[in-house]
Amino acid sequence: MKINFSFLLILTGFCVYAQNRTISIRVNEPVADVQPTMYGVFFEDINFGADGGIYAELIKNRSFEFTKPLMGWKVEQKPFREGAVMVINRQEKEHSSNPRFLRVKLENTHKDALVMTNEGFRGMGIKQGLRYDFSMMYRTSASGIKMHIDLVNQSGQKIGGTVVTVQGGKDGWQKQEVSFNATAGEPKGKFSISIEGNGTIDLDMISLFPSDTWKGRPGGMRADMIQMLADMKPGFIRFPGGCIVEGFNLENRYQWKKTIGPLEDRELIINRWNIEFAHKPAPDYFQTFGLGFFEYFQLAEDIGAEPLPILNCGMACQFNTAEVTPMDQLDPFVQDALDLIEFANGDVNTTWGRKRAEMGHAAPFNLKFMGVGNENWGPQYLERLEVFKNAIRQKYPDFKIVGSSGTDPNGERFDLLNTSMRKMGIDLIDEHFYRKPSWFLENAQRYDSYPRTGSKIFAGEYAGHDERVPAGGPTKNNWRAAMAEAAFLTGVERNAEVVQLASYAPLFAHVDGWQWSPDLIWVDNLRVYGTPSYHVQKLFSLNKGTKVLPVQSNNDVLAGQDSLYASAVFDADRKEVIIKLVNAKPQSEAVNFSLEGIKLNAKEAIVSVMAYANDLLSNSLENPFAVVPVESSFPVKAKGTVYYSPGYSFSVIRIPVK
Ligand code: AHR
């Protein structure tokens, strides 16, 4: 959106401070490189982020492996016949990851006499005219069995479908695929199968995907959600979490090897967010791993982000069972880490490199970083991390290891981890802070005093949690929190020598299926919008520059004086000086800029401004662009440019230079 700058001032309508503060930027004295990785994204399957989120599968419980085998399904018979539909749990070893299937016995069953309906993940978002791709595994010796498959709207009307007659007479499992178009749109649709015929048919892996997935990949991801990530041009993508890495116990931990290969062999587990919060139960939340490590690597490549996997270190969540693997049984965990590097980077002749090639990606993914443990702490963590570090360094000396600094950015636990990991030579320390907006404002100088040598920082999970919105949900993402995050990020940017990666968390939330808020991006079954925090993150990421420039005001960094916060970078590719300025008070303020040691290449600067007098303002599905950057221009001189910074604002000013 582009508007006239003076109009913006009228819009904000605040009084202007009489005295101008002067900010000087020494363009000819850059202090550090900005890493290309600097601003990234944190992805976890929380809030229906993967299943029911970016993984575009519409059928919930497609393989009948949820704890309750028919959860998500409704089976209706007219008339009812006992035993007509049975859940079979086969014991064969080759099916141990997907033991259940459905056995349906037909007795001259007519259309609509036996109907199975799937409710989807909080319904199914259906788009008029779009092609939908159905598939299932089946086994039958009978011939002539017909499957009537239909999309159904909330009134029970059919809105697209087709009929298939399955090929019988064979012993083994076969795959049936068929596509059809939706005749109408529906935000909360369902899917039904009516089975007609005579004889027995076994069914498994009943699946339905929209055809408009990201890059049109069959069985792929929701394109609108991924586009939001691509638009940020993230430097890295951290996956798969978060707490799901740890699991509530070790059995429930994330095991990447179980997430690759044929879909039907990927053993699902309960998603720990299913039961994590008593006030937000999600009994139907499982991880099917249709979205697994291969797909994460592919996603990273698609959006130009460095992949950053986090692996379990032999410890379950310390807020839950706090189970640990004995030190003498840690080898399989360490081997998982080594094998992951081989899976990502190994030659196609290596064991795991070959598996990657078999999945369709012979070229390496160039994995450079890995996190060992998520939010783990204590000596029990440090001794395990040491084993991982030694094993990884021995085989891959240049590989970068990320260590956890626990759940809090200060305190005894943090201090022990921070000091010990620096002594151990851990490359990056993962810090997490979910804090009030005021914390972010007060901590904009956090990294100014960090050592310039040794371990670097990964600000791996952070978000402003505004305590004025106790109920949570989408409204917790407000302008106050986003503005405070922007102020904090000026401190991160100023210290790009120290902080080399940063990501807001969590990334996605479904309005009908969330457990944790605030989140960066909210969705329903058909729509998506970025929160104010999303737009702040995106502005930083798209304007990260290549060199950090010193910014001074009264011989000091600008980090909270008069509620102003500033940082600046030079972008060597765009030949721009980019200034980020936050004004966290309600009044406007005129600021004088002085650029030292550079010639301007334009008479005007471009500014993207987010400025809202109502700091509780948020975006929503109904009003997705209430809080977004507004672009304008204003006259600029090398020395003595006056910029009117609106109250409660974040401005990104781009000045073309020679
Ligand atoms: O982002 C939500 C959760 O916050 C993550 O899973 C965990 O790492 C942190 O506690």
# chains A, B, ... in the order shown; residues from 1 in each chain; ligands from 1

$ closest_atom_pairs --of "chain A" --to "ligand 1" --cutoff "7 Å" --atoms "only C-alpha atoms and all ligand atoms" --output "CSV"
residue,atom,partner,partner_atom_place_in_ligand_line,distance
A:Glu44,CA,ligand 1,6 (O),6.8
A:Gly241,CA,ligand 1,6 (O),5.6
A:Gly242,CA,ligand 1,6 (O),3.2
A:Cys243,CA,ligand 1,6 (O),3.7
A:Ile244,CA,ligand 1,6 (O),6.4
A:Asn374,CA,ligand 1,8 (O),6.0
A:Glu375,CA,ligand 1,8 (O),5.9
A:Thr407,CA,ligand 1,10 (O),6.4
A:Glu461,CA,ligand 1,1 (O),6.5
A:Ala505,CA,ligand 1,1 (O),4.9
A:Pro506,CA,ligand 1,1 (O),4.3
A:Trp516,CA,ligand 1,2 (C),6.8

$ residues_around --residues "range 302-317 of chain A" --least-positions-apart "3" --cutoff "8 Å" --atoms "only C-alpha atoms" --output "ChimeraX atom specification"
/A:37,40,229-230,233-241,243,245-250,253-255,296-299,320-325,330,333-334,337,367-376,381,384-385,388

$ residues_around --residues "range 533-547 of chain A" --least-positions-apart "4" --cutoff "6 Å" --atoms "only C-alpha atoms" --output "list in words"
Pro30, Ala32, Asp33, Val34, Tyr39, Met232, Ala482, Leu520, Val569, Phe570 and Asp571 of chain A

$ closest_residue --among "A:Glu177, A:Lys639, A:Ser649, A:Gln515" --to "Glu485 in chain A" --atoms "only C-alpha atoms"
A:Ser649

$ select_by_dssp --residues "range 6-211 of chain A" --states "strand (DSSP E or B)" --output "compact mmCIF listing (two decimals) with C-alpha atoms, in the first residue's frame"
# COMPACT_ATOMS: atom_id res chain seq x y z
CA VAL A 16 5.07 16.44 17.54
CA ARG A 21 16.75 14.21 18.22
CA THR A 22 19.74 13.72 15.93
CA ILE A 23 20.81 10.28 14.81
CA SER A 24 24.09 9.87 13.01
CA ILE A 25 24.87 6.83 10.88
CA ARG A 26 28.47 6.21 9.91
CA ALA A 32 29.87 -6.40 11.09
CA ASP A 33 28.41 -8.58 8.35
CA TYR A 39 15.88 -13.78 9.97
CA VAL A 41 11.15 -19.12 10.57
CA PHE A 42 10.43 -21.63 13.30
CA ASP A 51 -1.59 -32.09 10.01
CA TYR A 55 0.12 -30.60 5.05
CA TRP A 73 -15.09 -41.05 10.75
CA LYS A 74 -18.80 -41.70 11.00
CA VAL A 75 -20.13 -44.98 9.68
CA GLU A 76 -23.85 -45.11 8.89
CA GLN A 77 -25.73 -48.21 7.81
CA VAL A 85 -17.51 -52.74 9.27
CA MET A 86 -14.61 -54.00 11.37
CA VAL A 87 -11.28 -52.53 12.40
CA ILE A 88 -8.65 -55.20 11.77
CA ASN A 89 -5.34 -55.02 13.61
CA ARG A 100 -4.89 -51.30 11.22
CA PHE A 101 -7.23 -51.29 8.27
CA LEU A 102 -10.99 -51.41 7.78
CA ARG A 103 -12.81 -54.53 6.61
CA VAL A 104 -16.18 -53.88 5.01
CA LYS A 105 -18.57 -56.76 4.31
CA LEU A 106 -21.20 -56.09 1.70
CA GLU A 107 -24.36 -58.14 1.18
CA ASN A 108 -25.95 -56.87 -1.99
CA THR A 109 -25.47 -53.48 -0.39
CA LEU A 114 -23.35 -48.04 3.95
CA VAL A 115 -21.79 -44.61 4.10
CA MET A 116 -18.51 -43.56 5.73
CA THR A 117 -18.08 -39.85 6.30
CA ASN A 118 -14.86 -38.10 7.26
CA GLY A 120 -11.67 -33.46 8.11
CA GLY A 123 -14.00 -29.45 8.43
CA MET A 124 -12.52 -29.37 4.94
CA GLY A 125 -11.96 -26.18 2.96
CA ILE A 126 -13.38 -26.83 -0.50
CA ARG A 131 -9.72 -30.69 -8.83
CA TYR A 132 -9.50 -33.02 -5.83
CA ASP A 133 -7.33 -36.13 -5.90
CA PHE A 134 -8.62 -39.19 -4.07
CA SER A 135 -6.58 -42.29 -3.35
CA MET A 136 -6.86 -45.38 -1.19
CA MET A 137 -5.26 -48.76 -0.64
CA TYR A 138 -7.70 -51.64 -0.99
CA ARG A 139 -7.83 -55.40 -1.20
CA THR A 140 -10.74 -57.48 -2.45
CA LYS A 146 -18.48 -49.51 -6.45
CA MET A 147 -17.29 -46.60 -4.35
CA HIS A 148 -19.35 -43.41 -4.57
CA ILE A 149 -17.09 -40.67 -3.30
CA ASP A 150 -18.41 -37.17 -2.64
CA LEU A 151 -17.64 -33.84 -1.09
CA VAL A 152 -20.50 -32.70 1.11
CA LYS A 158 -23.09 -33.16 -2.47
CA ILE A 159 -20.71 -30.65 -4.04
CA GLY A 160 -18.67 -32.83 -6.36
CA GLY A 161 -17.67 -36.44 -6.55
CA THR A 162 -17.31 -39.49 -8.72
CA VAL A 163 -17.85 -43.24 -8.79
CA VAL A 164 -15.16 -45.87 -9.13
CA THR A 165 -15.53 -49.58 -9.63
CA GLN A 174 -3.80 -52.27 -4.64
CA LYS A 175 -3.95 -48.53 -4.99
CA GLN A 176 -6.99 -46.77 -6.39
CA GLU A 177 -6.69 -43.18 -7.54
CA VAL A 178 -9.32 -40.93 -9.05
CA SER A 179 -9.85 -37.18 -9.38
CA PHE A 180 -12.95 -35.03 -9.62
CA ASN A 181 -13.88 -31.36 -9.43
CA GLU A 186 -17.44 -24.73 1.27
CA PRO A 187 -15.36 -23.70 4.30
CA LYS A 188 -16.30 -26.67 6.46
CA GLY A 189 -17.03 -29.53 4.12
CA LYS A 190 -16.94 -33.28 4.66
CA PHE A 191 -16.13 -36.25 2.52
CA SER A 192 -18.28 -39.35 2.14
CA ILE A 193 -17.84 -42.79 0.65
CA SER A 194 -20.83 -44.95 -0.06
CA ILE A 195 -19.88 -48.53 -0.86
CA GLU A 196 -22.11 -50.58 -3.12
CA GLY A 197 -21.86 -54.25 -4.08
CA ASN A 198 -21.34 -57.72 -2.76
CA GLY A 199 -18.37 -59.30 -0.97
CA THR A 200 -15.58 -58.11 1.32
CA ILE A 201 -13.25 -55.20 0.76
CA ASP A 202 -10.36 -54.03 2.95
CA LEU A 203 -9.56 -50.32 3.02
CA ASP A 204 -6.59 -48.30 4.24
CA MET A 205 -4.82 -44.96 3.58
CA ILE A 206 -7.97 -43.18 2.42
CA SER A 207 -6.72 -39.83 1.23
CA LEU A 208 -7.97 -36.66 -0.44
CA PHE A 209 -5.82 -33.74 -1.53
CA PRO A 210 -6.62 -30.51 -3.31

$ residues_around --residues "Met225 in chain A" --least-positions-apart "4" --cutoff "12 Å" --atoms "only C-alpha atoms" --output "JSON, numbers by chain"
{"A": [43, 49, 50, 52, 53, 54, 55, 56, 212, 213, 214, 220, 221, 229, 230, 231, 232, 299, 507, 508, 509, 510, 520, 521, 522, 523, 524, 525, 526, 527, 528, 529, 530]}
